[in-house]
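Chemist: First the structure, then my questions, so here it is.
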Amino acid sequence: MAPLDSHHHRSTTKVPKKAFKSRHATKSSLKDRAKGKVGPLSEKGFRRTPHQQVMSKIERRNQARLKRSNKDAEHKNATSIFVGRDAAPRLVTIVPLCENVSTVAAVKSLGQGVDQEWDVPGELGSTRLEVERFKQKIMAIRPGRGLLEVLDACRMADYVVLVLSADEEVDESGEMLLKALEGQGVSNVITVVQGLDKIEPQKRRQQITASLKSFISHFFPTTERVYSLDSRQETLNLLRSLCMSIPKGVYWREDRSWMMVEDVRWPEGKQIMGDTGDSSEVILTGVIRGKRLKADRLVQVGDWGDFQISKITAAPLESRKKPRDNDMKVDEQEEEEILAQPTEEQDDLNDLAPEEATMQDAADYPVSVAPSERKGVLLDDHHYFSDEETRVELPKPTKLPKGTSDYQAAWYLDDVSDSDSDVEDVEDDDGDLAMGGVAEPADGVEGLDKNGPEPTEFGASEYPQSEMFLDPAPDDEAEQIEEYRAQRRTEAEEDREFPDEIELSSNVLARERLLRYRGLKSLRTSHWETEEDRPYQPDEWDRLLEVADYKAAKSRVMKETLIGGVKPGTRVNIHLKGVPTSYEESYDASRPLALYSLLRHEHKRAALNFSITLSSDHETPLRSKDELIMQCGPRRFVINPLFSQGGKTPNNVHKFDRYLHPGRNAIASFTGPITWGAVPTLYFKRTAPSPDSTDSTTHPLNLIATGTCLPPSHSRVIAKRIVLTGHPFKIHKKIVTVRYMFFNKEDVLWFKALQLWTKRGRSGFIKESLGMHGYFKAQFDGKLNPMDAIGVSLYKRVWPRSAKLWDGKMEALERVDGEQQQGGDGDVGMEV
């Protein structure tokens, strides 16, 4: 064979260059057109990425000018409330974290940084200061170290100044304050140290400052430095930051209109007798912040509650110049200028929907089957009936000789003798036995005793006929039950198995005690028939607010805050109507008071859900339905929450948790006023002071958990589970005789449809009842271990409890004024 020409071989196997380029260009062109790119592809080195597009000099200047103008507009909008004759002061809350620090000395040190001598009173409260160097006003708020007092002052502050000591560590009370502030959410946090110049040698000062910064960064990671109040330069830099920077604010607070109350006036002669006692019109003065304030919305004032606005009037500050007579008249007219009044759409104070009177027939049950007609447990959405109770008793068949026709059978009135071997049972037209009896087995196996119990729909028993069941003696059975349950309690304490297990008494009917319970094939996917729960739901359940689409409803509510109302930065008088006169006696002017405007529907009650994470420092588990004090945004409630598992399930059914263990999280449910948005939440527990304790910093409330507000859900089902356990008495392959789960035959028939399960993972079902003392025969999917325990799960719906508003007067009785505790300085007013 002649060798192949290599050149000829290459020319025959190679793809033409032009054809390859043509196909490649076609594919690239189609791909680029699909992406929206249009243009020539023949230019080599051409790239269409944005960073390769060259801008002209004029375009770059215009872009920079546009960015600068947008930045200036944002800065002007953020600082607009701090500019002008009636400008709002910057709220600065000074929080002492140690007992040997003085907030009065801290404020005076700030004044020395700008060469000003500020007159700061020794009493706790707020002081209005003017910084001449930066042409700004500051409202220095000095609360005591009471937990709720500090939280009230910090949630409305533009800046929070934490005062530390150079020679004393932060105690447990101070750490709890920091945890509460971290969970509540605050604006800009600034840390200062007092008494640093007294530390010797000088080398230790830098080490102490670094140590304090590391400590504060654990709670507030954005802390950049710790300022020394003993250094004039550092106090000047600190004051410059307070006066010139833009406070970032708190997101849930900025979604609403709010203001710090500077003055409260209680008019005389305007008392109105209401349902709850005397009430009057109260005037609150302050500068509006956040969103626009509308007179149609309700307002929340401290811990007083929700109130309606009668009108909003202007309240400008008095001019420094001495007014003339004509000018004084003009000023009086301006003070009475009405800025906003409520309309017909003003929110009312009703927290529940109107009750509708409905007439219901006695026989018209709101459930699928009337309770008096039920003969079995509800499994998913179906009531199962026992075949033994619903079987129709048919006449006993007549035994006839073989080959007897229907015509001849009519002439036999009595049974033929059983000794006759040529007899047969008369069958009906369907081929079934007329009496519904049991056919003799065809494989030669002995059948059941004809006088024994009837077989169920699952077929005949696998037990041999010679094994007969006899009920044990009552005394022996009671002794055996007590011995078995004592052993089960010991095992449960060791490995905490079956936390939902309950023990039934032998003289209690399970079908009556557990009438509200039902079975579920799957807790996560099985349908929950809600109509079965209507007879047991609270009276107010149908009157609660239902939110079908939470996301859309929240968006509509938030858009309403952008239209109408009095703009932020305006100093106003807000006239509230219906304020009880008893609040005048308990009002303390030294404590900070804030007014928050509620969004639409935020006064209406709904089925609320909140996430809760129990602190790992809490030593004992938290029991469901225990009393807690919850703070969510501007409001506080006394709640008894139900704990349940979180997450989303297809059927919206969630298992009820009896306990919440330290470090774990769950969903806390109760009924109360709705709150729009993911607002941070704090949970407190009352602590009784020890009679032997000498620590004056002990709080009456202890922070135990934090969480977040979740969307309310009226259809969320909280299912409480109970477990009935039984003992395998006899085991024959997969057939087991079970005892101590029920104590009478009727209960076995009632719960016959439920699925059985074991601790070791086996599943089965009830075949038939044995005797009259609750023994029954069950079949499983495998052979059981004699040490195994058999259980059955039952569920019922539990309903959230109603929340109550935290009463500020009750808190006032539990605290001691700061002046009595600290004397003249009054820096540390503690709650005890």
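All residue names refer to the structure tokens as shown: chains lettered A, B, ... in order, residues numbered from 1 in each chain, ligands numbered from 1 in order.
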Can you write out as JSON lines which residues of segment 120-214 of chain A fall within 6 Å of segment 71-90 of chain A, alongside each residue's closest atom pair and its distance in Å to one decimal, counting only C-alpha atoms and ordering rows by chain and ascending residue number?
Modeler:
```
{"residue": "A:Lys137", "atom": "CA", "partner": "A:Pro89", "partner_atom": "CA", "distance": 4.7}
{"residue": "A:Ile138", "atom": "CA", "partner": "A:Arg90", "partner_atom": "CA", "distance": 4.7}
{"residue": "A:Met139", "atom": "CA", "partner": "A:Pro89", "partner_atom": "CA", "distance": 5.7}
```
Chemist: Could you write out that same residue set with C-alpha atoms as a short mmCIF file (atom, residue, chain, number, x, y, z; two decimals), in the first residue's frame?
Modeler:
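Saved file part09.cif follows:
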```cif
data_model
loop_
_atom_site.label_atom_id
_atom_site.label_comp_id
_atom_site.auth_asym_id
_atom_site.auth_seq_id
_atom_site.Cartn_x
_atom_site.Cartn_y
_atom_site.Cartn_z
CA LYS A 137 -29.28 73.02 71.46
CA ILE A 138 -28.90 69.90 73.57
CA MET A 139 -31.43 68.28 75.86
#
```
Chemist: Would you give me, as JSON lines, each residue of segment 613-674 of chain A having an atom within 12 Å of an atom of segment 697-711 of chain A, along with its shortest atom pair and that distance in Å to one decimal, using only C-alpha atoms and sorting by chain and residue number?
Modeler:
```
{"residue": "A:Thr613", "atom": "CA", "partner": "A:Ala705", "partner_atom": "CA", "distance": 5.4}
{"residue": "A:Leu614", "atom": "CA", "partner": "A:Ala705", "partner_atom": "CA", "distance": 4.4}
{"residue": "A:Ser615", "atom": "CA", "partner": "A:Ala705", "partner_atom": "CA", "distance": 5.2}
{"residue": "A:Ser616", "atom": "CA", "partner": "A:Ile704", "partner_atom": "CA", "distance": 8.7}
{"residue": "A:Asp617", "atom": "CA", "partner": "A:Ile704", "partner_atom": "CA", "distance": 8.0}
{"residue": "A:His618", "atom": "CA", "partner": "A:Ile704", "partner_atom": "CA", "distance": 6.4}
{"residue": "A:Glu619", "atom": "CA", "partner": "A:Ile704", "partner_atom": "CA", "distance": 10.0}
{"residue": "A:Thr620", "atom": "CA", "partner": "A:Ile704", "partner_atom": "CA", "distance": 10.7}
{"residue": "A:Pro621", "atom": "CA", "partner": "A:Ile704", "partner_atom": "CA", "distance": 10.7}
{"residue": "A:Leu622", "atom": "CA", "partner": "A:Ile704", "partner_atom": "CA", "distance": 9.4}
{"residue": "A:Glu627", "atom": "CA", "partner": "A:Leu701", "partner_atom": "CA", "distance": 11.9}
{"residue": "A:Leu628", "atom": "CA", "partner": "A:Ile704", "partner_atom": "CA", "distance": 9.5}
{"residue": "A:Ile629", "atom": "CA", "partner": "A:Leu701", "partner_atom": "CA", "distance": 8.3}
{"residue": "A:Met630", "atom": "CA", "partner": "A:Thr706", "partner_atom": "CA", "distance": 9.3}
{"residue": "A:Gln631", "atom": "CA", "partner": "A:Thr706", "partner_atom": "CA", "distance": 9.6}
{"residue": "A:Cys632", "atom": "CA", "partner": "A:Cys709", "partner_atom": "CA", "distance": 7.6}
{"residue": "A:Gly633", "atom": "CA", "partner": "A:Cys709", "partner_atom": "CA", "distance": 9.5}
{"residue": "A:Gly646", "atom": "CA", "partner": "A:Leu710", "partner_atom": "CA", "distance": 10.9}
{"residue": "A:Gly647", "atom": "CA", "partner": "A:Leu710", "partner_atom": "CA", "distance": 11.7}
{"residue": "A:Leu660", "atom": "CA", "partner": "A:Ala705", "partner_atom": "CA", "distance": 10.6}
{"residue": "A:His661", "atom": "CA", "partner": "A:Ala705", "partner_atom": "CA", "distance": 11.1}
{"residue": "A:Pro662", "atom": "CA", "partner": "A:Ala705", "partner_atom": "CA", "distance": 9.3}
{"residue": "A:Gly663", "atom": "CA", "partner": "A:Ala705", "partner_atom": "CA", "distance": 9.3}
{"residue": "A:Arg664", "atom": "CA", "partner": "A:Ala705", "partner_atom": "CA", "distance": 10.0}
{"residue": "A:Asn665", "atom": "CA", "partner": "A:Gly707", "partner_atom": "CA", "distance": 8.8}
{"residue": "A:Ala666", "atom": "CA", "partner": "A:Gly707", "partner_atom": "CA", "distance": 9.4}
{"residue": "A:Ile667", "atom": "CA", "partner": "A:Leu710", "partner_atom": "CA", "distance": 9.0}
{"residue": "A:Ala668", "atom": "CA", "partner": "A:Gly707", "partner_atom": "CA", "distance": 9.3}
{"residue": "A:Ser669", "atom": "CA", "partner": "A:Leu710", "partner_atom": "CA", "distance": 10.0}
{"residue": "A:Phe670", "atom": "CA", "partner": "A:Cys709", "partner_atom": "CA", "distance": 12.0}
{"residue": "A:Pro673", "atom": "CA", "partner": "A:Cys709", "partner_atom": "CA", "distance": 11.8}
{"residue": "A:Ile674", "atom": "CA", "partner": "A:Pro711", "partner_atom": "CA", "distance": 8.9}
```
Chemist: Using C-alpha atoms, can you export the residues from the last selection as a JSON list (two decimals), in the first residue's frame?
Modeler:
```
[["chain", "number", "residue", "atom", "x", "y", "z"],
["A", 613, "THR", "CA", -35.01, 33.29, 72.83],
["A", 614, "LEU", "CA", -34.47, 32.48, 76.48],
["A", 615, "SER", "CA", -31.16, 33.73, 77.82],
["A", 616, "SER", "CA", -28.57, 31.08, 78.56],
["A", 617, "ASP", "CA", -27.94, 32.82, 81.89],
["A", 618, "HIS", "CA", -31.44, 31.88, 83.04],
["A", 619, "GLU", "CA", -30.93, 28.79, 85.16],
["A", 620, "THR", "CA", -34.37, 27.17, 85.08],
["A", 621, "PRO", "CA", -36.72, 26.45, 82.16],
["A", 622, "LEU", "CA", -39.53, 28.91, 81.55],
["A", 627, "GLU", "CA", -46.57, 35.74, 83.70],
["A", 628, "LEU", "CA", -44.06, 37.90, 81.79],
["A", 629, "ILE", "CA", -43.71, 41.63, 81.17],
["A", 630, "MET", "CA", -43.09, 42.27, 77.49],
["A", 631, "GLN", "CA", -41.85, 45.49, 75.88],
["A", 632, "CYS", "CA", -42.49, 45.86, 72.15],
["A", 633, "GLY", "CA", -41.64, 49.24, 70.68],
["A", 646, "GLY", "CA", -41.49, 27.74, 65.02],
["A", 647, "GLY", "CA", -41.13, 27.25, 61.29],
["A", 660, "LEU", "CA", -38.77, 26.76, 77.10],
["A", 661, "HIS", "CA", -35.26, 25.73, 78.07],
["A", 662, "PRO", "CA", -32.32, 28.16, 78.44],
["A", 663, "GLY", "CA", -30.65, 29.01, 75.15],
["A", 664, "ARG", "CA", -33.60, 27.69, 73.11],
["A", 665, "ASN", "CA", -36.04, 29.69, 71.00],
["A", 666, "ALA", "CA", -39.75, 29.32, 70.36],
["A", 667, "ILE", "CA", -42.84, 31.28, 69.33],
["A", 668, "ALA", "CA", -44.77, 33.11, 72.06],
["A", 669, "SER", "CA", -48.47, 33.60, 71.24],
["A", 670, "PHE", "CA", -51.12, 35.73, 72.94],
["A", 673, "PRO", "CA", -52.85, 45.08, 70.07],
["A", 674, "ILE", "CA", -51.13, 44.55, 66.75]]
```
Chemist: Neighbouring residues of Pro592 of chain A were defined as those with any atom within 9 Å, considering only C-alpha atoms; residues of the same chain fewer than 5 positions away were excluded. Please report them as a PyMOL selection string.
Modeler: chain A and resi 125-126+141-143+149+152-153+260-262+302
Chemist: Give me the residues within 7 Å of Leu352 of chain A as a PyMOL selection string, counting only C-alpha atoms and dropping any in the same chain fewer than 5 places off.
Modeler: chain A and resi 543-544+604-605
Chemist: Write out as number ranges by chain each polymer residue whose atoms come within 8 Å of Phe780 of chain A, counting only C-alpha atoms; drop sequence neighbours fewer than 4 positions from it.
Modeler: A: 734-736, 762-765, 784
Chemist: Quick one: everything within 7 Å of Asp255 of chain A, counting only C-alpha atoms, minus sequence neighbours fewer than 2 positions away in the same chain. Send it as a PyMOL selection string.
Modeler: chain A and resi 251-253+290-291
Chemist: Got a sec: who's within 12 Å of segment 529-534 of chain A, counting only C-alpha atoms, leaving out chain neighbours fewer than 6 positions off, as a PDB file with C-alpha atoms, in the first residue's frame?
Modeler:
```
ATOM      1  CA  TYR A 365     -74.105  22.099  65.611  1.00  0.00           C
ATOM      2  CA  PRO A 366     -71.048  23.973  64.273  1.00  0.00           C
ATOM      3  CA  VAL A 367     -69.192  20.662  64.030  1.00  0.00           C
ATOM      4  CA  SER A 368     -69.378  17.763  61.625  1.00  0.00           C
ATOM      5  CA  VAL A 369     -70.974  15.350  64.119  1.00  0.00           C
ATOM      6  CA  ALA A 370     -72.872  16.264  67.271  1.00  0.00           C
ATOM      7  CA  PRO A 371     -71.064  15.213  70.468  1.00  0.00           C
ATOM      8  CA  VAL A 377     -62.277   9.580  68.043  1.00  0.00           C
ATOM      9  CA  LEU A 378     -61.700  12.245  65.382  1.00  0.00           C
ATOM     10  CA  LEU A 379     -58.729  11.300  63.182  1.00  0.00           C
ATOM     11  CA  ASP A 380     -57.650  14.173  60.908  1.00  0.00           C
ATOM     12  CA  ASP A 381     -61.051  15.319  59.579  1.00  0.00           C
ATOM     13  CA  HIS A 382     -63.109  12.130  59.970  1.00  0.00           C
ATOM     14  CA  HIS A 383     -64.974  10.516  62.869  1.00  0.00           C
ATOM     15  CA  LEU A 515     -63.256  14.423  74.420  1.00  0.00           C
ATOM     16  CA  ARG A 516     -61.546  17.493  72.945  1.00  0.00           C
ATOM     17  CA  TYR A 517     -58.517  15.521  71.811  1.00  0.00           C
ATOM     18  CA  ARG A 518     -58.120  14.071  68.345  1.00  0.00           C
ATOM     19  CA  GLY A 519     -55.649  11.983  66.395  1.00  0.00           C
ATOM     20  CA  LEU A 520     -53.365  13.087  63.560  1.00  0.00           C
ATOM     21  CA  GLU A 540     -63.776  37.160  71.704  1.00  0.00           C
ATOM     22  CA  TRP A 541     -61.973  35.015  69.107  1.00  0.00           C
ATOM     23  CA  ASP A 542     -64.287  35.895  66.203  1.00  0.00           C
ATOM     24  CA  ASN A 651     -51.189  22.680  57.558  1.00  0.00           C
ATOM     25  CA  ASN A 652     -50.183  25.620  59.823  1.00  0.00           C
ATOM     26  CA  VAL A 653     -50.272  23.350  62.907  1.00  0.00           C
ATOM     27  CA  HIS A 714     -55.671  34.066  63.198  1.00  0.00           C
ATOM     28  CA  SER A 715     -55.492  30.601  61.608  1.00  0.00           C
ATOM     29  CA  ARG A 716     -52.319  29.398  63.336  1.00  0.00           C
ATOM     30  CA  VAL A 717     -53.173  26.250  65.300  1.00  0.00           C
ATOM     31  CA  ILE A 718     -51.256  25.468  68.483  1.00  0.00           C
ATOM     32  CA  ALA A 719     -51.746  21.770  69.155  1.00  0.00           C
ATOM     33  CA  TYR A 795     -53.878  16.472  70.185  1.00  0.00           C
ATOM     34  CA  LYS A 796     -56.157  19.365  71.046  1.00  0.00           C
ATOM     35  CA  ARG A 797     -56.066  23.035  70.136  1.00  0.00           C
ATOM     36  CA  VAL A 798     -55.127  25.517  72.831  1.00  0.00           C
ATOM     37  CA  TRP A 799     -56.034  29.178  72.579  1.00  0.00           C
TER      38      TRP A 799
END
```
Chemist: So how far away is atom CA of Pro247 of chain A from atom CA of Gln63 of chain A, in Å?
Modeler: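 Atom CA of Pro247 of chain A lies at a distance of 27.4 Å from atom CA of Gln63 of chain A.
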Chemist: For atom CA of Arg511 of chain A and atom CA of Trp750 of chain A, determine how far apart the two atoms are, in Å to one decimal place.
Modeler: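 Atom-to-atom, atom CA of Arg511 of chain A and atom CA of Trp750 of chain A are spaced 6.7 Å apart.
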Chemist: Go ahead and compute the interatomic distance for atom CA of Ala295 of chain A and atom CA of Leu598 of chain A, in Å to one decimal.
Modeler: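 Straight-line distance from atom CA of Ala295 of chain A to atom CA of Leu598 of chain A works out to 10.9 Å.
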Chemist: If you run DSSP on this backbone, which residues of segment 536-699 of chain A come out as strand (DSSP E or B), and could you give them as number ranges by chain?
Modeler: A: 545, 566, 571-580, 594-597, 605-614, 622-623, 628-632, 635-639, 642-644, 653-657, 659-660, 665-673, 680-686
Chemist: Check the DSSP output for the backbone and give back, as a PyMOL selection string, the residues of segment 160-213 of chain A in helix (DSSP H, G or I).
Modeler: chain A and resi 172-184+196-198+203-213
